Structures are given as C-alpha cells and as structure tokens.
file query_23.cif (mmCIF, C-alpha atoms and all ligand atoms)
data_start
loop_
_atom_site.label_atom_id
_atom_site.label_comp_id
_atom_site.auth_asym_id
_atom_site.auth_seq_id
_atom_site.Cartn_x
_atom_site.Cartn_y
_atom_site.Cartn_z
CA MET I 69 -7.62 -18.20 5.84
CA GLU I 70 -7.18 -18.14 9.58
CA SER I 71 -5.16 -15.29 11.05
CA PRO I 72 -1.89 -16.15 12.82
CA PHE I 73 -2.44 -13.18 15.16
CA LYS I 74 -4.23 -13.34 18.51
CA PRO I 75 -7.81 -12.05 18.17
CA ASP I 76 -7.20 -9.23 20.67
CA VAL I 77 -4.04 -7.64 19.21
CA LEU I 78 -5.98 -4.46 18.43
CA LYS I 79 -8.37 -4.62 21.39
CA GLY I 80 -9.63 -1.16 22.38
CA LYS I 81 -8.10 0.54 19.32
CA VAL I 82 -9.99 2.74 16.89
CA ALA I 83 -8.98 2.68 13.23
CA LEU I 84 -10.02 5.17 10.55
CA ILE I 85 -9.60 3.68 7.08
CA THR I 86 -9.95 5.77 3.91
CA GLY I 87 -11.18 3.73 0.98
CA GLY I 88 -12.13 1.21 3.67
CA GLY I 89 -15.37 0.12 2.00
CA SER I 90 -13.91 -1.88 -0.88
CA GLY I 91 -10.90 -3.85 -2.09
CA ILE I 92 -7.78 -3.91 0.06
CA GLY I 93 -9.22 -1.20 2.33
CA PHE I 94 -12.25 -3.33 3.19
CA GLU I 95 -10.14 -6.40 3.96
CA ILE I 96 -8.01 -4.27 6.29
CA SER I 97 -11.21 -2.95 7.93
CA THR I 98 -12.49 -6.50 8.39
CA GLN I 99 -9.27 -7.95 9.76
CA PHE I 100 -8.63 -5.02 12.10
CA GLY I 101 -12.22 -5.45 13.35
CA LYS I 102 -11.79 -9.19 13.81
CA HIS I 103 -8.70 -8.44 15.91
CA GLY I 104 -10.52 -6.12 18.33
CA ALA I 105 -10.55 -2.68 16.70
CA SER I 106 -13.52 -0.40 16.17
CA ILE I 107 -13.68 0.74 12.57
CA ALA I 108 -14.53 4.04 10.88
CA ILE I 109 -14.70 3.85 7.09
CA MET I 110 -14.34 6.91 4.87
CA GLY I 111 -15.32 6.81 1.21
CA ARG I 112 -17.02 8.72 -1.57
CA ARG I 113 -19.82 6.27 -2.37
CA LYS I 114 -22.62 6.05 0.21
CA GLN I 115 -23.94 2.67 -0.90
CA VAL I 116 -20.45 1.13 -0.77
CA ILE I 117 -19.85 2.46 2.75
CA ASP I 118 -23.30 1.42 3.97
CA SER I 119 -22.91 -2.10 2.71
CA ALA I 120 -19.37 -2.41 4.16
CA VAL I 121 -20.55 -1.14 7.56
CA SER I 122 -23.49 -3.61 7.61
CA THR I 123 -21.12 -6.48 6.80
CA LEU I 124 -18.76 -5.48 9.61
CA GLN I 125 -21.60 -5.03 12.09
CA ALA I 126 -22.96 -8.46 11.16
CA LEU I 127 -19.57 -9.83 12.25
CA GLY I 128 -19.99 -8.08 15.60
CA ILE I 129 -17.48 -5.35 14.78
CA PRO I 130 -18.26 -1.81 16.01
CA ALA I 131 -18.26 0.05 12.71
CA PHE I 132 -19.39 3.36 11.34
CA GLY I 133 -19.16 4.98 7.93
CA ILE I 134 -18.74 8.56 6.83
CA GLU I 135 -18.93 9.92 3.32
CA GLY I 136 -16.04 12.10 2.27
CA ASP I 137 -13.44 12.79 -0.39
CA VAL I 138 -9.79 12.85 0.73
CA ARG I 139 -9.20 15.60 -1.84
CA LYS I 140 -11.24 18.02 0.26
CA GLN I 141 -9.64 19.26 3.46
CA GLU I 142 -13.03 20.09 4.98
CA ASP I 143 -14.16 16.48 4.37
CA ALA I 144 -10.98 15.13 5.94
CA ARG I 145 -11.47 17.31 9.02
CA ARG I 146 -15.17 16.42 9.35
CA VAL I 147 -14.50 12.68 9.03
CA VAL I 148 -11.68 12.73 11.57
CA GLU I 149 -13.80 14.74 14.04
CA SER I 150 -16.83 12.46 13.57
CA THR I 151 -14.65 9.40 14.18
CA TYR I 152 -13.38 10.91 17.42
CA LYS I 153 -16.90 11.93 18.50
CA HIS I 154 -18.26 8.47 17.71
CA PHE I 155 -15.55 6.34 19.34
CA GLY I 156 -13.82 8.75 21.76
CA ARG I 157 -10.31 8.20 20.40
CA ILE I 158 -8.35 7.47 17.22
CA ASP I 159 -5.34 5.15 17.27
CA ILE I 160 -4.78 4.17 13.66
CA LEU I 161 -5.17 5.94 10.32
CA VAL I 162 -4.93 3.82 7.17
CA ASN I 163 -4.69 5.74 3.91
CA ALA I 164 -6.06 3.24 1.40
CA ALA I 165 -8.04 5.59 -0.86
CA ALA I 166 -6.47 5.72 -4.31
CA GLY I 167 -7.25 6.45 -7.93
CA ASN I 168 -5.92 4.75 -11.02
CA PHE I 169 -6.40 4.09 -14.73
CA LEU I 170 -4.14 2.85 -17.50
CA VAL I 171 -3.02 5.61 -19.84
CA SER I 172 0.06 6.38 -21.89
CA ALA I 173 1.98 9.48 -20.82
CA GLU I 174 1.24 11.23 -24.10
CA ASP I 175 -2.50 10.65 -23.75
CA LEU I 176 -2.68 11.77 -20.12
CA SER I 177 -3.90 15.32 -19.54
CA PRO I 178 -2.29 17.41 -16.81
CA ASN I 179 -5.64 17.28 -15.04
CA GLY I 180 -5.63 13.47 -15.16
CA PHE I 181 -2.12 13.49 -13.65
CA ARG I 182 -3.21 16.02 -11.02
CA THR I 183 -6.34 14.04 -10.13
CA VAL I 184 -4.32 10.99 -9.08
CA ILE I 185 -1.73 13.09 -7.26
CA ASP I 186 -4.63 14.84 -5.46
CA ILE I 187 -6.20 11.58 -4.31
CA ASP I 188 -3.10 9.52 -3.52
CA SER I 189 -0.43 12.00 -2.44
CA VAL I 190 -2.20 15.17 -1.30
CA GLY I 191 -5.11 13.11 0.09
CA THR I 192 -2.73 11.03 2.18
CA PHE I 193 -0.99 14.10 3.56
CA THR I 194 -4.30 15.88 4.22
CA MET I 195 -5.64 12.94 6.24
CA CYS I 196 -2.38 12.75 8.23
CA HIS I 197 -2.49 16.50 8.83
CA GLU I 198 -6.06 16.40 10.14
CA VAL I 199 -5.58 13.34 12.36
CA LEU I 200 -2.35 14.50 13.97
CA LYS I 201 -3.90 16.10 17.04
CA TYR I 202 -5.71 12.83 17.87
CA LEU I 203 -2.73 10.54 17.26
CA LYS I 204 -0.05 12.48 19.11
CA LYS I 205 0.87 11.36 22.63
CA GLY I 206 -1.23 13.31 25.12
CA GLY I 207 -3.84 14.06 22.44
CA PRO I 208 -7.61 13.72 23.10
CA GLY I 209 -8.33 10.26 24.49
CA ARG I 210 -4.62 9.28 24.63
CA SER I 211 -2.06 8.77 27.36
CA SER I 212 0.82 11.23 27.59
CA SER I 213 3.34 8.54 26.69
CA SER I 214 2.09 6.78 23.58
CA GLY I 215 1.09 8.01 20.16
CA GLY I 216 -0.92 6.27 17.46
CA THR I 217 0.16 4.98 14.10
CA ILE I 218 -0.37 5.65 10.38
CA LEU I 219 -0.25 3.20 7.50
CA ASN I 220 -0.04 4.43 3.90
CA ILE I 221 -0.92 2.05 1.08
CA SER I 222 1.61 2.57 -1.70
CA ALA I 223 2.82 0.52 -4.71
CA THR I 224 6.06 -0.73 -6.28
CA LEU I 225 5.43 0.88 -9.67
CA HIS I 226 7.93 3.69 -9.13
CA TYR I 227 10.86 1.52 -7.97
CA THR I 228 11.79 1.14 -11.62
CA ALA I 229 9.26 2.42 -14.18
CA SER I 230 5.88 1.06 -15.18
CA TRP I 231 4.12 1.26 -18.51
CA TYR I 232 1.09 3.58 -18.61
CA GLN I 233 1.36 4.43 -14.92
CA ILE I 234 3.29 7.71 -14.88
CA HIS I 235 0.65 9.43 -12.74
CA VAL I 236 0.40 6.67 -10.12
CA SER I 237 4.17 6.15 -10.07
CA ALA I 238 4.70 9.83 -9.31
CA ALA I 239 1.88 9.81 -6.75
CA LYS I 240 3.16 6.77 -4.86
CA ALA I 241 6.74 8.09 -4.87
CA ALA I 242 5.36 11.12 -3.04
CA VAL I 243 3.45 8.85 -0.64
CA ASP I 244 6.66 6.98 0.24
CA ALA I 245 8.52 10.24 0.82
CA THR I 246 5.65 11.41 3.03
CA THR I 247 5.82 8.17 5.02
CA ARG I 248 9.52 8.66 5.73
CA SER I 249 9.35 12.37 6.54
CA LEU I 250 6.41 11.95 8.91
CA ALA I 251 8.07 8.93 10.54
CA LEU I 252 11.06 11.14 11.28
CA GLU I 253 9.26 14.27 12.46
CA TRP I 254 6.21 12.78 14.18
CA GLY I 255 8.13 9.80 15.55
CA ALA I 256 10.53 12.16 17.29
CA ASP I 257 7.99 14.74 18.43
CA TYR I 258 4.83 12.74 19.10
CA ASP I 259 5.62 9.01 19.32
CA ILE I 260 3.63 8.36 16.14
CA ARG I 261 4.85 5.52 13.92
CA VAL I 262 4.29 5.98 10.18
CA ASN I 263 4.74 3.06 7.79
CA GLY I 264 3.55 1.89 4.41
CA ILE I 265 2.72 -1.23 2.47
CA ALA I 266 3.52 -1.62 -1.22
CA PRO I 267 1.24 -4.37 -2.50
CA GLY I 268 1.90 -6.21 -5.73
CA PRO I 269 -1.01 -7.38 -7.86
CA ILE I 270 -3.78 -8.55 -5.56
CA SER I 271 -6.67 -10.63 -6.83
CA ASP I 272 -10.25 -9.44 -6.66
CA THR I 273 -9.48 -5.72 -6.24
CA PRO I 274 -10.37 -2.58 -8.22
CA GLY I 275 -6.60 -2.19 -8.83
CA ILE I 276 -6.21 -5.52 -10.62
CA SER I 277 -9.37 -5.09 -12.66
CA LYS I 278 -8.15 -1.67 -13.82
CA LEU I 279 -4.50 -2.57 -14.44
CA ALA I 280 -4.92 -6.11 -15.78
CA PRO I 281 -8.42 -6.29 -17.24
CA GLU I 282 -9.38 -9.63 -18.73
CA GLU I 283 -9.08 -8.15 -22.24
CA ILE I 284 -5.28 -8.20 -21.73
CA ASP I 285 -3.48 -11.49 -22.28
CA ASN I 286 -1.54 -11.55 -18.99
CA LYS I 287 1.59 -13.68 -19.30
CA SER I 288 3.59 -12.09 -16.51
CA GLY I 289 3.21 -15.25 -14.38
CA ASP I 290 6.02 -16.80 -16.42
CA TYR I 291 8.61 -14.88 -14.48
CA MET I 292 6.78 -13.95 -11.27
CA PRO I 293 8.80 -15.42 -8.40
CA LEU I 294 5.76 -16.94 -6.68
CA TYR I 295 3.80 -17.44 -9.91
CA LYS I 296 0.58 -16.10 -8.48
CA LEU I 297 -1.39 -13.05 -7.48
CA GLY I 298 -1.51 -12.04 -3.85
CA GLU I 299 -4.68 -12.04 -1.80
CA LYS I 300 -6.23 -9.15 0.09
CA TRP I 301 -5.60 -11.24 3.22
CA ASP I 302 -1.82 -10.97 2.61
CA ILE I 303 -2.02 -7.20 2.75
CA ALA I 304 -4.32 -7.17 5.78
CA MET I 305 -1.97 -9.47 7.76
CA SER I 306 0.99 -7.23 6.92
CA ALA I 307 -1.09 -4.25 8.01
CA LEU I 308 -1.88 -5.95 11.32
CA TYR I 309 1.81 -6.64 11.86
CA LEU I 310 2.76 -3.01 11.22
CA VAL I 311 0.05 -1.33 13.31
CA SER I 312 0.03 -3.75 16.25
CA ASP I 313 2.68 -3.99 18.96
CA ALA I 314 4.42 -6.64 16.84
CA GLY I 315 5.64 -3.67 14.79
CA LYS I 316 6.39 -1.32 17.68
CA PHE I 317 9.98 -0.68 16.56
CA ILE I 318 9.13 -0.27 12.87
CA ASN I 319 8.92 3.32 11.70
CA GLY I 320 9.38 4.84 8.25
CA THR I 321 9.33 1.53 6.40
CA THR I 322 7.26 0.68 3.36
CA LEU I 323 6.88 -3.08 3.42
CA ILE I 324 6.79 -4.65 -0.03
CA VAL I 325 4.15 -7.38 -0.14
CA ASP I 326 4.33 -8.68 -3.70
CA GLY I 327 5.88 -12.15 -3.55
CA GLY I 328 9.12 -10.64 -4.91
CA LEU I 329 7.47 -9.56 -8.16
CA TRP I 330 9.19 -6.20 -8.42
CA LEU I 331 12.54 -8.03 -8.55
CA SER I 332 11.50 -10.21 -11.46
CA ARG I 333 13.18 -10.17 -14.85
CA PRO I 334 12.56 -12.37 -17.85
CA ARG I 335 14.92 -15.39 -17.57
CA HIS I 336 17.40 -15.00 -20.40
CA LEU I 337 18.78 -18.59 -20.17
CA PRO I 338 17.35 -21.87 -18.92
CA LYS I 339 19.09 -23.21 -15.76
CA GLU I 340 20.62 -26.22 -17.54
CA ALA I 341 21.99 -24.01 -20.31
CA VAL I 342 23.68 -21.67 -17.86
CA LYS I 343 25.47 -24.61 -16.19
CA LYS I 344 26.92 -25.78 -19.49
CA LEU I 345 27.72 -22.33 -20.75
CA SER I 346 29.38 -21.25 -17.54
CA ARG I 347 31.78 -24.26 -17.57
CA ALA I 348 32.59 -23.73 -21.24
CA VAL I 349 33.36 -20.05 -20.68
CA GLU I 350 35.55 -20.96 -17.67
CA LYS I 351 37.52 -23.48 -19.71
CA ARG I 352 38.03 -21.02 -22.53
CA SER I 353 39.19 -18.25 -20.21
CA ARG I 354 41.78 -20.60 -18.58
CA LYS I 355 43.14 -21.40 -22.01
CA THR I 356 43.05 -17.79 -23.10
CA PRO I 357 43.16 -15.47 -20.07
CA VAL I 358 41.52 -12.15 -20.78
CA GLY I 359 44.05 -9.35 -21.41
CA VAL I 360 46.97 -11.69 -22.27
CA PRO I 361 48.02 -11.20 -25.91
CA THR I 362 47.67 -14.53 -27.74
CA SER I 363 51.24 -14.06 -29.07
CA LYS I 364 52.58 -14.58 -25.46
CA LEU I 365 50.75 -17.90 -24.94
C1 LIG H 401 -7.16 9.01 -19.47
C2 LIG H 401 -8.49 9.75 -17.74
C3 LIG H 401 -9.03 8.46 -17.58
C4 LIG H 401 -8.55 7.42 -18.44
C5 LIG H 401 -9.94 9.78 -16.13
N1 LIG H 401 -9.08 10.53 -16.84
N2 LIG H 401 -9.92 8.51 -16.55
N3 LIG H 401 -7.57 10.03 -18.66
N4 LIG H 401 -7.61 7.75 -19.36
N5 LIG H 401 -8.98 6.16 -18.34
C6 LIG H 401 -8.85 11.97 -16.70
C7 LIG H 401 -10.11 12.73 -17.10
O1 LIG H 401 -10.18 12.89 -18.50
C8 LIG H 401 -9.89 14.06 -16.38
O2 LIG H 401 -8.98 14.89 -17.04
C9 LIG H 401 -9.21 13.62 -15.09
O3 LIG H 401 -8.64 12.34 -15.34
C10 LIG H 401 -10.20 13.51 -13.96
O4 LIG H 401 -11.21 12.59 -14.32
P1 LIG H 401 -12.64 12.53 -13.62
O5 LIG H 401 -13.38 11.38 -14.16
O6 LIG H 401 -13.26 13.88 -13.68
O7 LIG H 401 -12.21 12.32 -12.10
P2 LIG H 401 -13.00 11.70 -10.91
O8 LIG H 401 -14.46 11.55 -11.20
O9 LIG H 401 -12.63 12.49 -9.73
O10 LIG H 401 -12.44 10.20 -10.81
C11 LIG H 401 -11.11 9.96 -10.39
C12 LIG H 401 -10.52 8.72 -11.09
C13 LIG H 401 -11.49 7.52 -10.96
C14 LIG H 401 -9.17 8.43 -10.51
C15 LIG H 401 -10.39 9.04 -12.58
O11 LIG H 401 -10.98 6.43 -11.67
C16 LIG H 401 -11.73 7.16 -9.54
O12 LIG H 401 -12.53 7.78 -8.86
N6 LIG H 401 -11.04 6.15 -9.02
C17 LIG H 401 -11.18 5.70 -7.63
C18 LIG H 401 -11.17 4.24 -7.57
C19 LIG H 401 -9.92 3.62 -8.16
O13 LIG H 401 -9.44 4.02 -9.22
N7 LIG H 401 -9.44 2.59 -7.53
C20 LIG H 401 -8.32 1.85 -8.07
C21 LIG H 401 -7.19 2.08 -7.24
S1 LIG H 401 -5.97 0.94 -7.73
P3 LIG H 401 -9.45 16.09 -18.07
O14 LIG H 401 -8.15 16.70 -18.54
O15 LIG H 401 -10.22 15.43 -19.15
O16 LIG H 401 -10.28 17.03 -17.23
C22 LIG H 401 -4.53 1.47 -7.25
C23 LIG H 401 -3.45 0.48 -7.52
C24 LIG H 401 -2.10 1.10 -7.42
O17 LIG H 401 -4.39 2.51 -6.74
C25 LIG H 401 -1.04 0.23 -8.08
C26 LIG H 401 -1.07 -1.23 -7.71
C27 LIG H 401 -0.03 -2.11 -8.41
#
call {"tool": "encode", "arguments": {"input": "query_23.cif", "output": "structure tokens"}}
result
Amino acid sequence: MESPFKPDVLKGKVALITGGGSGIGFEISTQFGKHGASIAIMGRRKQVIDSAVSTLQALGIPAFGIEGDVRKQEDARRVVESTYKHFGRIDILVNAAAGNFLVSAEDLSPNGFRTVIDIDSVGTFTMCHEVLKYLKKGGPGRSSSSGGTILNISATLHYTASWYQIHVSAAKAAVDATTRSLALEWGADYDIRVNGIAPGPISDTPGISKLAPEEIDNKSGDYMPLYKLGEKWDIAMSALYLVSDAGKFINGTTLIVDGGLWLSRPRHLPKEAVKKLSRAVEKRSRKTPVGVPTSKL
C-alpha cells in the first residue's frame, strides 16, 4: 500500500532498530528508509540481518546491520557506538526486539519468565540507556535545541489479562511504564520524546505464528471490531507518525494499533433482540417501578 506520508519526512535522520531484520521491525526499517532515513538494524541472527540489509540497500536505502543481543549491555553499547560511527548521528531508536511463546503460568519456569523480561523490558531500558548520550539535545551530531526520539513496541495483553501470556504481559507492562517515565524525565531534561505502539495481531509476523499457530482453530474474528488482522504496514505508518514531526507534541503515549480488538467482548445478545427486550423491560418497569411495593400500586 502507498504511504500517505511525504517521502522525505525522515530525510537526514538515522534510525537504529532492534529486531529490525524481521517481522514488524523489518517493515518499520523499510518504511523509515523509504521516507528518507538511514537504517541500522540490530539482531541476534547474522543471516537475518544480512538479508534484511541487502533488501534495504536494493531499495536504495543506506542500511547497515550489527549483530547483538539486547540482553547484553556490552552488545547494546557496541551497536549504538557502531551506528554513530557509521552514520555520524542517531535520531531514532526503535525497540522492536521481543521474545514470546505460549505457556500456561504453571508450566512456565522462573527462567522462562526472566528470559522474556530480560529481552523485552530490561533490553528496552538497556538500549535507551546506551543511546541517551546520542539522542539528547547537544549530543554528538545534534543541535543544542533538539533531541531525538524513542519508540517502544509493546502489546495490549496486559490491559486486561491474556491466557498463557503471563511473562509477556508482565514484560510489556514494564515497557509501558518505562515509556512514560523516560518521556517525563528525558522530555524535560533532554528534549527526547518517548512513545510506544501496542500492536494487535498482525499478519505474517513471528508473533502471530507463535500466538495463533495454524493448529489452533481461531474463531476470535467473530467479535473483533474490524474482523481482520492488521498488517505490518499499519504499525509502520503509526511509527512514522510518532517519530516524525507529525508527532512532535506526542510524548509518553503508547498508541494502540489493533482495530479496537482489545475492547472486544463476545456479543451476549443479537441487535434485534436487544431492541425488543429493551422496550419490554421499559414497559414492565413503568407498570411496576422498581422499589415501589406492589401493595401501593
Ligand atoms: C515453556 C519455554 C518455552 C516454551 C522457552 N522456554 N520456550 N518454556 N514453553 N515454549 C523457557 C526455556 O525452557 C528456558 O527456561 C527459558 O525459557 C529460556 O529458553 P531458551 O531457549 O534458553 O532461551 P533463548 O534461546 O534465549 O530464546 C529466547 C526465547 C525464543 C524467547 C525463548 O523464543 C526467542 O529467541 N525468541 C525471539 C523471537 C520471538 O519470540 N519473536 C516473537 C515475538 S512476538 P529453563 O527454566 O528451562 O531454563 C511478540 C508479540 C507480543 O513479542 C504480543 C503481541 C500480541
């Protein structure tokens, strides 16, 4: 689909994207690149990064990949420094690296819980911590008046509760809290905007193949407000909005991009039935007002 944004909205910007070689992260890398940004991709798998970088370069996007694990502070530091050395500045950090698997709480080991917290929550904070000096106003390669921006990919799982996702729910709750706290502190001190996106189910991603594998008979579409999965494009366009000047007054927000899914509930009555029932109840309550003893009528 064609982008509604001008092709130069990120002209001259440098974006570092963790997990940028696949899924939602790769679509964000591609769209940021198509809108003028130079792209650094961080990931654990060399072949995934190499292939993503070749695809971006074939599109004419300045791109470079660095292997690293967000769970290791030394990797985070090395990747951030290499990005700066390669492109001479860093304007945008996108934390898209994440880990997930379906598991019931009773079958999840503390190490399994910790692993996801380490990737999603601690990894996000570690990357923010290491990139701060490059994003703050007056930092290397920046003017003294404007800071860069951070985008944290979250989820909606923890807004209520989600089956077999205790570890990710806890991890993304921490990510959202991190987004707000950094927006407050680094917005005030350094002119850095920090926002998030909470995607719903997005087709053709590692997330959907892990959470809704084809072995499961997925009937949730019956009560999904838009009756469909989102596309990676939907997340990338929201990301462009938040990191570009279109979002210059947005700070500390996690934008839900799920077609309204997290609001959905099974419909307990068909629309026609509610019309009839509602009138009948109204009639009955006029005849017999609630709280008035029937002996007084
Ligand atoms: C139960 C499991 C498990 C499973 C791993 N573990 N898989 N427990 N069920 N299916 C446990 C292991 O037993 C171990 O605990 C601990 O987790 C660490 O596992 P490792 O395999 O050693 O970890 P590692 O190799 O570092 O791999 C991390 C990973 C893996 C998270 C388990 O899946 C991964 O690398 N994922 C990255 C890619 C990914 O998942 N992308 C999807 C993101 S989707 P013990 O106690 O045995 O030592 C997403 C969507 C969010 O984030 C929500 C959208 C709606």
call {"tool": "atom_distance", "arguments": {"input": "query_23.cif", "atom1": "atom CA of I:Gly88", "atom2": "atom CA of I:Asp272"}}
result
15.0 Å
call {"tool": "atom_distance", "arguments": {"input": "query_23.cif", "atom1": "atom C20 of ligand LIG 401 (chain H)", "atom2": "atom CA of I:Lys278"}}
result
6.7 Å
call {"tool": "atom_distance", "arguments": {"input": "query_23.cif", "atom1": "atom CA of I:Val147", "atom2": "atom CA of I:Ser90"}}
result
17.6 Å
call {"tool": "closest_residue", "arguments": {"input": "query_23.cif", "among": "I:Pro75, I:Pro281, I:Gly207, I:Gly91", "to": "ligand LIG 401 (chain H)", "atoms": "only C-alpha atoms and all ligand atoms"}}
result
I:Gly91
call {"tool": "closest_residue", "arguments": {"input": "query_23.cif", "among": "I:Pro130, I:Leu78, I:Thr98, I:Asp259", "to": "I:Gly206", "atoms": "all atoms listed in the file"}}
result
I:Asp259
call {"tool": "residues_near_ligand", "arguments": {"input": "query_23.cif", "ligand": "ligand LIG 401 (chain H)", "cutoff": "7 Å", "atoms": "only C-alpha atoms and all ligand atoms", "output": "ChimeraX atom specification"}}
result
/I:166-171,175-181,183-184,222-225,236,267-269,274-275,278
call {"tool": "closest_residue", "arguments": {"input": "query_23.cif", "among": "I:Ala241, I:Lys140, I:Lys205, I:Arg210", "to": "I:Gly191", "atoms": "all atoms listed in the file"}}
result
I:Lys140
call {"tool": "residues_around", "arguments": {"input": "query_23.cif", "residues": "I:Glu70", "least_positions_apart": "5", "cutoff": "12 Å", "atoms": "all atoms listed in the file", "output": "number ranges by chain"}}
result
I: 75, 99, 102-103, 301-302, 304-305
call {"tool": "closest_residue", "arguments": {"input": "query_23.cif", "among": "I:Val358, I:Ile109, I:Ala165, I:Leu219", "to": "I:Gly315", "atoms": "only C-alpha atoms"}}
result
I:Leu219
call {"tool": "closest_residue", "arguments": {"input": "query_23.cif", "among": "I:Leu124, I:His154, I:Gly216, I:Leu297", "to": "I:Asp313", "atoms": "only C-alpha atoms"}}
result
I:Gly216
call {"tool": "closest_residue", "arguments": {"input": "query_23.cif", "among": "I:Ala229, I:Val325, I:Ala131, I:Val342", "to": "I:Ser119", "atoms": "all atoms listed in the file"}}
result
I:Ala131
call {"tool": "closest_atom_pairs", "arguments": {"input": "query_23.cif", "of": "stretch 138-219 of chain I", "to": "stretch 245-252 of chain I", "cutoff": "12 Å", "atoms": "all atoms listed in the file", "output": "JSON lines"}}
result
{"residue": "I:Val162", "atom": "CA", "partner": "I:Thr247", "partner_atom": "CA", "distance": 11.8}
{"residue": "I:Asn163", "atom": "CA", "partner": "I:Thr247", "partner_atom": "CA", "distance": 10.8}
{"residue": "I:Asp188", "atom": "CA", "partner": "I:Thr246", "partner_atom": "CA", "distance": 11.1}
{"residue": "I:Ser189", "atom": "CA", "partner": "I:Thr246", "partner_atom": "CA", "distance": 8.2}
{"residue": "I:Val190", "atom": "CA", "partner": "I:Thr246", "partner_atom": "CA", "distance": 9.7}
{"residue": "I:Gly191", "atom": "CA", "partner": "I:Thr246", "partner_atom": "CA", "distance": 11.3}
{"residue": "I:Thr192", "atom": "CA", "partner": "I:Thr246", "partner_atom": "CA", "distance": 8.4}
{"residue": "I:Phe193", "atom": "CA", "partner": "I:Thr246", "partner_atom": "CA", "distance": 7.2}
{"residue": "I:Thr194", "atom": "CA", "partner": "I:Thr246", "partner_atom": "CA", "distance": 11.0}
{"residue": "I:Met195", "atom": "CA", "partner": "I:Thr246", "partner_atom": "CA", "distance": 11.8}
{"residue": "I:Cys196", "atom": "CA", "partner": "I:Leu250", "partner_atom": "CA", "distance": 8.9}
{"residue": "I:His197", "atom": "CA", "partner": "I:Leu250", "partner_atom": "CA", "distance": 10.0}
{"residue": "I:Leu200", "atom": "CA", "partner": "I:Leu250", "partner_atom": "CA", "distance": 10.4}
{"residue": "I:Gly215", "atom": "CA", "partner": "I:Ala251", "partner_atom": "CA", "distance": 11.9}
{"residue": "I:Gly216", "atom": "CA", "partner": "I:Ala251", "partner_atom": "CA", "distance": 11.7}
{"residue": "I:Thr217", "atom": "CA", "partner": "I:Ala251", "partner_atom": "CA", "distance": 9.5}
{"residue": "I:Ile218", "atom": "CA", "partner": "I:Thr247", "partner_atom": "CA", "distance": 8.6}
{"residue": "I:Leu219", "atom": "CA", "partner": "I:Thr247", "partner_atom": "CA", "distance": 8.2}
call {"tool": "axis_aligned_box", "arguments": {"input": "query_23.cif", "around": "stretch 167-178 of chain I", "padding_each_side": "8 Å", "output": "AutoDock Vina command-line options"}}
result
--center_x -2.6 --center_y 10.1 --center_z -16.0 --size_x 25.2 --size_y 30.6 --size_z 32.2
